[in-house]
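*Asks:* Below is the file final-v5.csv, which contains CSV, C-alpha atoms.
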chain,number,residue,atom,x,y,z
A,64,MET,CA,0.0,0.0,0.0
A,65,ASN,CA,1.5,3.3,-1.1
A,66,ALA,CA,1.6,5.8,1.7
A,67,GLY,CA,-0.4,8.9,1.0
A,68,ARG,CA,-2.9,7.1,-1.3
A,69,VAL,CA,-6.5,7.7,-0.6
A,70,VAL,CA,-9.0,4.9,-1.3
A,71,VAL,CA,-12.6,6.0,-2.0
A,72,LEU,CA,-15.2,3.6,-0.7
A,73,GLU,CA,-18.7,4.1,-2.1
A,74,LEU,CA,-21.7,2.6,-0.3
A,75,THR,CA,-25.3,3.3,0.4
A,76,ARG,CA,-26.4,4.9,3.7
A,77,MET,CA,-28.2,1.7,4.5
A,78,GLU,CA,-25.0,-0.3,4.1
A,79,ALA,CA,-23.1,2.2,6.2
A,80,ALA,CA,-25.8,1.9,8.9
A,81,HIS,CA,-25.6,-1.9,8.9
A,82,LEU,CA,-21.9,-2.0,8.9
A,83,SER,CA,-21.8,0.5,11.7
A,84,GLY,CA,-24.2,-1.7,13.7
A,85,LEU,CA,-22.0,-4.7,13.1
A,86,VAL,CA,-18.8,-3.0,14.1
A,87,THR,CA,-20.5,-1.7,17.2
A,88,GLN,CA,-21.4,-5.3,18.2
A,89,PHE,CA,-17.8,-6.3,17.4
A,90,ALA,CA,-16.5,-3.5,19.6
A,91,GLU,CA,-18.8,-4.6,22.4
A,92,LEU,CA,-17.5,-8.2,22.1
A,93,MET,CA,-13.9,-6.9,22.3
A,94,GLU,CA,-14.6,-4.9,25.4
A,95,ASP,CA,-13.0,-6.6,28.4
A,96,ALA,CA,-12.4,-9.6,26.1
A,97,ALA,CA,-9.9,-12.2,27.2
A,98,SER,CA,-9.1,-15.6,25.8
A,99,ALA,CA,-9.3,-17.1,29.3
A,100,ALA,CA,-13.1,-16.6,29.2
A,101,GLY,CA,-13.3,-19.4,26.7
A,102,ASP,CA,-15.0,-17.8,23.8
A,103,PRO,CA,-13.7,-19.6,20.6
A,104,ALA,CA,-14.1,-16.4,18.6
A,105,ILE,CA,-11.7,-14.6,20.9
A,106,ALA,CA,-9.4,-17.6,20.8
A,107,ARG,CA,-9.3,-17.3,17.0
A,108,LEU,CA,-8.0,-13.7,17.3
A,109,VAL,CA,-5.2,-14.8,19.6
A,110,PRO,CA,-4.3,-18.3,18.3
A,111,ASP,CA,-1.7,-20.7,19.6
A,112,ALA,CA,1.7,-19.7,18.3
A,113,TYR,CA,3.3,-23.1,18.9
A,114,ALA,CA,1.5,-26.1,17.4
A,115,ASP,CA,3.1,-28.7,19.8
A,116,ASP,CA,3.9,-26.7,22.8
A,117,ALA,CA,1.0,-25.5,25.0
A,118,GLY,CA,3.4,-23.9,27.5
A,119,ALA,CA,5.2,-21.8,24.9
A,120,SER,CA,1.8,-20.9,23.4
A,121,ALA,CA,0.5,-19.7,26.7
A,122,ASP,CA,3.7,-17.6,27.3
A,123,PHE,CA,3.4,-16.1,23.8
A,124,ARG,CA,-0.3,-15.3,24.4
A,125,ALA,CA,0.4,-13.7,27.7
A,126,MET,CA,2.9,-11.4,26.0
A,127,THR,CA,0.8,-10.6,22.9
A,128,GLU,CA,-2.9,-10.9,23.7
A,129,GLY,CA,-3.3,-7.5,25.3
A,130,ASP,CA,-1.8,-5.7,22.3
A,131,LEU,CA,-3.8,-7.8,19.8
A,132,LEU,CA,-7.1,-7.2,21.4
A,133,GLU,CA,-6.4,-3.5,22.1
A,134,ARG,CA,-5.7,-3.2,18.3
A,135,ARG,CA,-9.1,-4.8,17.6
A,136,ARG,CA,-10.8,-2.1,19.8
A,137,GLN,CA,-8.8,0.7,18.2
A,138,ASP,CA,-9.5,-0.5,14.7
A,139,ALA,CA,-13.2,-0.7,15.5
A,140,GLY,CA,-13.2,2.8,16.8
A,141,ILE,CA,-11.5,4.1,13.6
A,142,VAL,CA,-14.0,2.3,11.4
A,143,LEU,CA,-16.9,3.7,13.4
A,144,GLY,CA,-15.4,7.1,13.1
A,145,SER,CA,-15.2,6.9,9.3
A,146,LEU,CA,-18.8,5.7,9.2
A,147,SER,CA,-20.3,8.1,11.7
A,148,GLU,CA,-21.6,10.6,9.2
A,149,ALA,CA,-22.7,8.2,6.5
A,150,SER,CA,-24.5,5.8,8.9
A,151,ALA,CA,-26.5,8.5,10.6
A,152,LEU,CA,-30.0,7.9,9.4
A,153,PRO,CA,-32.9,10.2,10.2
A,154,ASP,CA,-35.0,8.7,13.0
A,155,GLU,CA,-38.2,8.8,11.0
A,156,ALA,CA,-36.7,7.0,8.0
A,157,ALA,CA,-39.0,4.2,6.7
A,158,PRO,CA,-37.4,1.1,5.3
A,159,ASP,CA,-38.3,2.3,1.8
A,160,ASP,CA,-37.0,5.8,2.4
A,161,GLU,CA,-35.0,6.6,-0.7
A,162,ARG,CA,-32.4,8.4,1.4
A,163,LEU,CA,-31.3,4.9,2.6
A,164,MET,CA,-30.2,4.1,-1.0
A,165,GLU,CA,-28.3,7.3,-1.3
A,166,LEU,CA,-24.6,6.7,-2.2
A,167,VAL,CA,-22.0,8.2,0.1
A,168,GLU,CA,-18.3,8.3,-0.5
A,169,LEU,CA,-15.8,7.5,2.3
A,170,ARG,CA,-12.3,8.7,1.7
A,171,LEU,CA,-9.9,6.3,3.6
A,172,GLU,CA,-6.3,7.4,4.0
A,173,THR,CA,-3.5,4.9,4.4
A,174,GLU,CA,-3.6,4.3,8.2
A,175,THR,CA,-7.4,4.4,8.3
A,176,LEU,CA,-7.6,1.9,5.4
A,177,ARG,CA,-5.3,-0.4,7.2
A,178,ALA,CA,-7.6,-0.3,10.2
A,179,TRP,CA,-10.6,-1.1,7.9
A,180,LEU,CA,-8.9,-4.1,6.4
A,181,ARG,CA,-7.9,-5.6,9.8
A,182,CYS,CA,-11.3,-4.8,11.2
A,183,LEU,CA,-13.3,-6.4,8.4
A,184,ALA,CA,-11.0,-9.4,8.4
A,185,ALA,CA,-11.4,-9.8,12.2
A,186,ILE,CA,-15.2,-9.5,12.1
A,187,ARG,CA,-15.3,-12.2,9.4
A,188,LEU,CA,-13.2,-14.5,11.7
A,189,VAL,CA,-15.6,-13.9,14.6
A,190,LEU,CA,-18.7,-14.5,12.3
A,191,ALA,CA,-17.1,-17.6,10.8
A,192,THR,CA,-16.6,-19.0,14.3
A,193,ARG,CA,-20.2,-18.3,15.2
A,194,LEU,CA,-21.4,-19.9,11.9
A,195,ASP,CA,-19.0,-22.8,12.4
A,196,ILE,CA,-17.5,-22.3,9.0
A,197,ARG,CA,-14.9,-25.0,8.5
A,198,SER,CA,-14.5,-25.0,4.8
A,199,GLU,CA,-15.0,-22.5,2.0
A,200,GLU,CA,-18.0,-24.4,0.8
A,201,ASP,CA,-19.9,-24.1,4.1
A,202,HIS,CA,-23.1,-22.1,3.4
A,203,ASP,CA,-26.7,-22.1,4.7
A,204,VAL,CA,-29.0,-20.1,2.5
A,205,ASP,CA,-31.6,-19.9,5.2
A,206,ASP,CA,-29.3,-18.1,7.6
A,207,PRO,CA,-29.0,-14.4,6.8
A,208,ARG,CA,-25.8,-14.2,8.7
A,209,PHE,CA,-24.1,-15.9,5.8
A,210,GLY,CA,-25.3,-13.1,3.6
A,211,ILE,CA,-23.6,-10.6,6.0
A,212,TYR,CA,-20.4,-12.7,6.1
A,213,GLU,CA,-20.3,-12.8,2.3
A,214,TRP,CA,-21.1,-9.1,1.9
A,215,LEU,CA,-18.2,-8.3,4.3
A,216,GLY,CA,-15.9,-10.5,2.2
A,217,TYR,CA,-17.0,-8.6,-0.9
A,218,ARG,CA,-16.3,-5.3,0.7
A,219,LEU,CA,-13.0,-6.4,2.1
A,220,ASP,CA,-11.9,-7.8,-1.3
A,221,GLY,CA,-12.8,-4.5,-3.0
A,222,LEU,CA,-10.7,-2.5,-0.4
A,223,VAL,CA,-7.8,-5.0,-0.8
A,224,GLN,CA,-7.8,-4.6,-4.6
A,225,ALA,CA,-7.8,-0.8,-4.2
A,226,ALA,CA,-5.1,-0.9,-1.6
A,227,SER,CA,-2.8,-3.2,-3.6
A,228,ASP,CA,-3.3,-1.5,-7.0
A,229,ASP,CA,0.2,-1.3,-8.5
A,230,ALA,CA,-0.7,1.6,-10.7
B,158,MET,CA,47.6,-21.3,26.4
B,159,ALA,CA,44.0,-21.6,27.5
B,160,LEU,CA,44.7,-22.1,31.2
B,161,LEU,CA,41.3,-21.2,32.4
B,162,ALA,CA,39.2,-22.5,29.6
B,163,ASP,CA,36.9,-25.4,30.3
B,164,THR,CA,37.4,-27.6,27.3
B,165,ASP,CA,34.3,-29.7,28.0
B,166,LEU,CA,32.1,-26.5,28.1
B,167,GLN,CA,33.6,-25.3,24.9
B,168,GLU,CA,32.9,-28.4,23.0
B,169,ASP,CA,29.4,-28.5,24.5
B,170,THR,CA,28.7,-24.9,23.4
B,171,GLY,CA,30.2,-25.6,20.0
B,172,ILE,CA,27.8,-28.5,19.4
B,173,ARG,CA,24.7,-26.5,20.4
B,174,LEU,CA,25.7,-23.5,18.3
B,175,ASP,CA,26.2,-25.8,15.3
B,176,GLU,CA,22.8,-27.3,15.8
B,177,GLN,CA,21.2,-23.9,16.0
B,178,VAL,CA,22.9,-22.8,12.8
B,179,GLN,CA,21.5,-25.9,11.1
B,180,ARG,CA,18.0,-25.6,12.4
B,181,PRO,CA,16.7,-22.0,12.3
B,182,TRP,CA,13.2,-21.1,13.5
B,183,GLN,CA,10.4,-20.6,11.1
B,184,THR,CA,7.2,-18.6,10.9
B,185,VAL,CA,4.5,-20.8,9.3
B,186,VAL,CA,1.2,-19.4,8.0
B,187,TRP,CA,-1.7,-21.9,7.9
B,188,ASN,CA,-4.6,-22.2,5.6
B,189,ASP,CA,-8.0,-21.2,7.0
B,190,PRO,CA,-11.4,-21.1,5.2
B,191,VAL,CA,-12.1,-17.5,6.1
B,192,ASN,CA,-9.3,-15.2,5.1
B,193,LEU,CA,-9.5,-14.1,1.4
B,194,MET,CA,-6.7,-15.1,-1.0
B,195,SER,CA,-6.4,-11.5,-2.0
B,196,TYR,CA,-6.1,-10.4,1.6
B,197,VAL,CA,-3.4,-13.0,2.5
B,198,THR,CA,-1.4,-11.8,-0.6
B,199,HIS,CA,-1.9,-8.2,0.5
B,200,VAL,CA,-0.6,-9.0,4.0
B,201,PHE,CA,2.5,-10.8,2.7
B,202,ARG,CA,3.3,-7.8,0.4
B,203,GLU,CA,2.6,-5.1,3.0
B,204,TYR,CA,4.3,-6.7,6.0
B,205,PHE,CA,7.2,-8.6,4.5
B,206,GLY,CA,7.6,-6.3,1.5
B,207,PHE,CA,7.5,-9.3,-0.9
B,208,ASP,CA,6.8,-8.5,-4.6
B,209,ARG,CA,3.4,-9.6,-6.0
B,210,THR,CA,4.7,-12.7,-7.6
B,211,HIS,CA,6.4,-14.0,-4.5
B,212,ALA,CA,3.5,-13.1,-2.3
B,213,GLU,CA,1.0,-14.8,-4.6
B,214,ARG,CA,3.2,-17.9,-4.7
B,215,LEU,CA,3.4,-18.1,-0.9
B,216,MET,CA,-0.4,-17.5,-0.7
B,217,LEU,CA,-1.1,-20.3,-3.1
B,218,SER,CA,1.2,-22.5,-1.2
B,219,VAL,CA,-0.8,-21.8,2.0
B,220,HIS,CA,-4.0,-22.4,0.1
B,221,HIS,CA,-3.1,-25.7,-1.6
B,222,ASP,CA,-0.5,-27.2,0.7
B,223,GLY,CA,-2.3,-26.1,3.9
B,224,HIS,CA,0.6,-24.0,5.1
B,225,ALA,CA,3.8,-22.2,4.0
B,226,VAL,CA,7.0,-21.1,5.7
B,227,VAL,CA,7.0,-17.3,5.3
B,228,ALA,CA,10.2,-16.4,7.3
B,229,GLU,CA,13.2,-18.1,8.8
B,230,GLY,CA,15.7,-16.9,11.4
B,231,ALA,CA,16.1,-16.2,15.1
B,232,ARG,CA,13.2,-17.3,17.4
B,233,GLU,CA,12.6,-13.8,18.7
B,234,GLN,CA,12.2,-12.5,15.2
B,235,MET,CA,9.8,-15.3,14.3
B,236,GLU,CA,7.7,-14.4,17.3
B,237,LEU,CA,7.5,-10.8,16.1
B,238,HIS,CA,6.4,-12.1,12.7
B,239,ALA,CA,3.8,-14.4,14.2
B,240,GLN,CA,2.4,-11.6,16.3
B,241,ALA,CA,2.2,-9.4,13.2
B,242,MET,CA,0.4,-12.1,11.3
B,243,HIS,CA,-2.1,-12.6,14.2
B,244,ASP,CA,-2.6,-8.8,14.2
B,245,TYR,CA,-3.8,-9.1,10.5
B,246,GLY,CA,-6.0,-12.1,11.5
B,247,LEU,CA,-3.8,-14.7,9.8
B,248,TRP,CA,-3.2,-18.0,11.6
B,249,ALA,CA,0.6,-18.3,12.1
B,250,THR,CA,2.8,-20.5,14.3
B,251,ILE,CA,6.5,-20.7,15.2
B,252,ARG,CA,8.6,-23.8,14.9
B,253,GLN,CA,12.2,-25.0,14.6
B,254,ALA,CA,13.0,-26.0,11.0
B,255,PRO,CA,12.2,-29.7,10.6
B,256,GLN,CA,15.4,-31.9,10.6
Any chance you could put this one into structure tokens?
*Replies:*
Amino acid sequence: MNAGRVVVLELTRMEAAHLSGLVTQFAELMEDAASAAGDPAIARLVPDAYADDAGASADFRAMTEGDLLERRRQDAGIVLGSLSEASALPDEAAPDDERLMELVELRLETETLRAWLRCLAAIRLVLATRLDIRSEEDHDVDDPRFGIYEWLGYRLDGLVQAASDDA
Amino acid sequence: MALLADTDLQEDTGIRLDEQVQRPWQTVVWNDPVNLMSYVTHVFREYFGFDRTHAERLMLSVHHDGHAVVAEGAREQMELHAQAMHDYGLWATIRQAPQ
């Protein structure tokens, strides 16, 4: 990613509002999060660093978990900051209010974009744990959370392409 | 004249140093069904500074072989790399190079 590059993300106000709600939930999950509490989604964010050495993995986690989870909170805060204006819907907006479909442009500078990429990737990891996704083929059309998971992937992929553009 | 040298210790240290030179530590990134191929390539380029071709080859190796060694060297350095990979959401471990 070239420093100084700005990536423009275009999305509807409705998307911005949904994403903001999702990131808020993620931030709440990260609040006071600790792997010791036994949530597999948190465990996925601070994985074992030694495949065959539980003691070394525990030592490594003791050294790194605080920083890793603090970064998840910071990234969520940065993403919510970028979304705050776009996701603010009028209270009286009906579901078919055309303002919801209005496109807004978010201008993401290098460090903000990095936070977005990490944050969307982390939320997908948490969702995948909740959905028990074990292979790329896992999908349940009746569960709307898969739609959210795939939409996040679509948005993340678009941002990655924009960030790694060699031009 | 090495009057004060403990020859046993010297030999012992020599053997251990030799073994460490032969068996460096590695950072290994593992395949998972969640992280996008484009994202993994991006992480390898951004963090390690690999060119696109090298980053894509490593990503494909993770994808098809289940894992790939992305760095080799001192244990402390591999731990820094693993923490960085975890920070991106990638699943990375540290190990001594297999004999």
*Asks:* Show me, as a short mmCIF file (atom, residue, chain, number, x, y, z; two decimals) with C-alpha atoms, keeping the file's coordinate frame, the residues that have an atom within 12 Å of B:Leu237 when counting only C-alpha atoms, minus same-chain residues fewer than 6 positions from it.
*Replies:*
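The resulting selection.cif:
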data_model
loop_
_atom_site.label_atom_id
_atom_site.label_comp_id
_atom_site.auth_asym_id
_atom_site.auth_seq_id
_atom_site.Cartn_x
_atom_site.Cartn_y
_atom_site.Cartn_z
CA ALA A 112 1.70 -19.70 18.30
CA PHE A 123 3.40 -16.10 23.80
CA MET A 126 2.90 -11.40 26.00
CA THR A 127 0.80 -10.60 22.90
CA GLN B 183 10.40 -20.60 11.10
CA THR B 184 7.20 -18.60 10.90
CA TYR B 204 4.30 -6.70 6.00
CA PHE B 205 7.20 -8.60 4.50
CA ALA B 228 10.20 -16.40 7.30
CA GLU B 229 13.20 -18.10 8.80
CA GLY B 230 15.70 -16.90 11.40
CA ALA B 231 16.10 -16.20 15.10
CA HIS B 243 -2.10 -12.60 14.20
CA ASP B 244 -2.60 -8.80 14.20
CA ALA B 249 0.60 -18.30 12.10
CA THR B 250 2.80 -20.50 14.30
CA ILE B 251 6.50 -20.70 15.20
#
*Asks:* Can you build me a table of chain B residues sitting at most 7 Å from chain A, with the closest atom pair per residue and its distance in Å to one decimal, using only C-alpha atoms, sorted by chain and residue number, as a Markdown table?
*Replies:*
| residue | atom | partner | partner_atom | distance |
| --- | --- | --- | --- | --- |
| B:Pro190 | CA | A:Ser198 | CA | 5.0 |
| B:Val191 | CA | A:Leu188 | CA | 6.4 |
| B:Asn192 | CA | A:Ala184 | CA | 6.9 |
| B:Ser195 | CA | A:Asp220 | CA | 6.7 |
| B:Tyr196 | CA | A:Val223 | CA | 6.1 |
| B:His199 | CA | A:Ser227 | CA | 6.5 |
| B:Glu203 | CA | A:Met64 | CA | 6.5 |
| B:Gln240 | CA | A:Thr127 | CA | 6.9 |
| B:His243 | CA | A:Val109 | CA | 6.6 |
| B:Asp244 | CA | A:Leu131 | CA | 5.8 |
| B:Tyr245 | CA | A:Arg181 | CA | 5.4 |
| B:Gly246 | CA | A:Ala185 | CA | 5.9 |
| B:Trp248 | CA | A:Pro110 | CA | 6.8 |
| B:Ala249 | CA | A:Ala112 | CA | 6.5 |
| B:Thr250 | CA | A:Ala112 | CA | 4.2 |
| B:Ile251 | CA | A:Tyr113 | CA | 5.4 |
| B:Arg252 | CA | A:Tyr113 | CA | 6.7 |
*Asks:* So what do you get for atom CA of B:Gln234 versus atom CA of B:Arg214, distance-wise?
*Replies:* 22.5 Å
*Asks:* Calculate how many Å separate atom CA of A:Val71 from atom CA of A:Glu161, rounding to one decimal.
*Replies:*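 We find that atom CA of A:Val71 and atom CA of A:Glu161 lie 22.4 Å from each other.
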*Asks:* If you measure from atom CA of B:Trp182 to atom CA of B:Thr198, what distance in Å do you get, rounded to one decimal?
*Replies:*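 Between atom CA of B:Trp182 and atom CA of B:Thr198 the gap works out to 22.3 Å.
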*Asks:* Would you please work out which residue, of A:Ile105, A:Ala121, A:Ile141, A:Leu92, is nearest to A:Glu174 when using only C-alpha atoms?
*Replies:* A:Ile141
*Asks:* Choose the residue, out of A:Arg162, A:Arg76, A:Arg136, A:His81, that has the smallest atom-to-atom separation from A:Asp95; count all atoms listed in the file.
*Replies:*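 Looking at the shortest contact to A:Asp95, the residue is A:Arg136.
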*Asks:* Check the smallest atom-to-atom distance from each of A:Leu72, A:Met77, A:Leu166, A:Val86 to A:Leu143 using all atoms listed in the file, then report the winner.
*Replies:* A:Val86
*Asks:* Excluding B:Asp222 and any residue of its chain fewer than 6 positions from it, enumerate the residues within 12 Å of it, using all atoms listed in the file, and give them as a PyMOL selection string.
*Replies:* chain B and resi 185-189+214-216
*Asks:* Measuring atom to atom with all atoms listed in the file, identify which of B:Ala212, B:Leu247, B:His221, B:Gln253 is nearest to B:Met235.
*Replies:*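 Using all atoms listed in the file, the shortest distance to B:Met235 belongs to B:Gln253.
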*Asks:* Give the answer as one residue: which of A:Ala117, A:Ala125, A:Ala139, A:Ala79 has the shortest atom-to-atom distance to A:Ala97, using all atoms listed in the file?
*Replies:* A:Ala125
*Asks:* Kindly output stretch 193-219 of chain A as a tab-separated table (two decimals), in the frame of the given file, after building N, CA and C atoms.
*Replies:*
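This is the output file part_5.tsv:
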chain	number	residue	atom	x	y	z
A	193	ARG	N	-18.85	-18.14	14.80
A	193	ARG	CA	-20.20	-18.30	15.20
A	193	ARG	C	-21.03	-19.15	14.26
A	194	LEU	N	-20.69	-19.08	12.96
A	194	LEU	CA	-21.40	-19.90	11.90
A	194	LEU	C	-20.79	-21.24	11.76
A	195	ASP	N	-19.72	-21.51	12.52
A	195	ASP	CA	-19.00	-22.80	12.40
A	195	ASP	C	-18.59	-23.12	11.02
A	196	ILE	N	-18.00	-22.12	10.35
A	196	ILE	CA	-17.50	-22.30	9.00
A	196	ILE	C	-16.16	-23.05	9.06
A	197	ARG	N	-16.13	-24.23	8.47
A	197	ARG	CA	-14.90	-25.00	8.50
A	197	ARG	C	-14.31	-25.26	7.14
A	198	SER	N	-15.09	-24.95	6.10
A	198	SER	CA	-14.50	-25.00	4.80
A	198	SER	C	-15.13	-23.92	3.94
A	199	GLU	N	-14.48	-23.64	2.81
A	199	GLU	CA	-15.00	-22.50	2.00
A	199	GLU	C	-16.32	-22.81	1.37
A	200	GLU	N	-16.74	-24.06	1.39
A	200	GLU	CA	-18.00	-24.40	0.80
A	200	GLU	C	-19.18	-24.28	1.79
A	201	ASP	N	-18.87	-24.13	3.08
A	201	ASP	CA	-19.90	-24.10	4.10
A	201	ASP	C	-20.85	-22.87	3.82
A	202	HIS	N	-22.14	-23.15	3.67
A	202	HIS	CA	-23.10	-22.10	3.40
A	202	HIS	C	-24.50	-22.58	3.77
A	203	ASP	N	-25.27	-21.71	4.40
A	203	ASP	CA	-26.70	-22.10	4.70
A	203	ASP	C	-27.52	-20.91	4.19
A	204	VAL	N	-28.24	-21.17	3.09
A	204	VAL	CA	-29.00	-20.10	2.50
A	204	VAL	C	-30.11	-19.56	3.36
A	205	ASP	N	-30.53	-20.36	4.35
A	205	ASP	CA	-31.60	-19.90	5.20
A	205	ASP	C	-31.12	-19.05	6.37
A	206	ASP	N	-29.81	-18.95	6.52
A	206	ASP	CA	-29.30	-18.10	7.60
A	206	ASP	C	-28.77	-16.82	7.07
A	207	PRO	N	-29.45	-15.72	7.39
A	207	PRO	CA	-29.00	-14.40	6.80
A	207	PRO	C	-27.66	-13.98	7.24
A	208	ARG	N	-27.11	-14.58	8.30
A	208	ARG	CA	-25.80	-14.20	8.70
A	208	ARG	C	-24.72	-14.55	7.66
A	209	PHE	N	-25.01	-15.59	6.87
A	209	PHE	CA	-24.10	-15.90	5.80
A	209	PHE	C	-24.04	-14.82	4.75
A	210	GLY	N	-25.22	-14.20	4.53
A	210	GLY	CA	-25.30	-13.10	3.60
A	210	GLY	C	-24.39	-11.94	4.08
A	211	ILE	N	-24.44	-11.66	5.39
A	211	ILE	CA	-23.60	-10.60	6.00
A	211	ILE	C	-22.13	-10.96	5.84
A	212	TYR	N	-21.83	-12.22	6.13
A	212	TYR	CA	-20.40	-12.70	6.10
A	212	TYR	C	-19.90	-12.53	4.63
A	213	GLU	N	-20.72	-12.89	3.64
A	213	GLU	CA	-20.30	-12.80	2.30
A	213	GLU	C	-20.17	-11.33	1.80
A	214	TRP	N	-21.10	-10.52	2.26
A	214	TRP	CA	-21.10	-9.10	1.90
A	214	TRP	C	-19.77	-8.47	2.50
A	215	LEU	N	-19.41	-8.84	3.73
A	215	LEU	CA	-18.20	-8.30	4.30
A	215	LEU	C	-16.97	-8.75	3.48
A	216	GLY	N	-17.00	-9.99	3.00
A	216	GLY	CA	-15.90	-10.50	2.20
A	216	GLY	C	-15.82	-9.70	0.86
A	217	TYR	N	-16.99	-9.39	0.29
A	217	TYR	CA	-17.00	-8.60	-0.90
A	217	TYR	C	-16.43	-7.22	-0.72
A	218	ARG	N	-16.83	-6.58	0.37
A	218	ARG	CA	-16.30	-5.30	0.70
A	218	ARG	C	-14.82	-5.29	0.99
A	219	LEU	N	-14.39	-6.29	1.75
A	219	LEU	CA	-13.00	-6.40	2.10
A	219	LEU	C	-12.15	-6.63	0.83
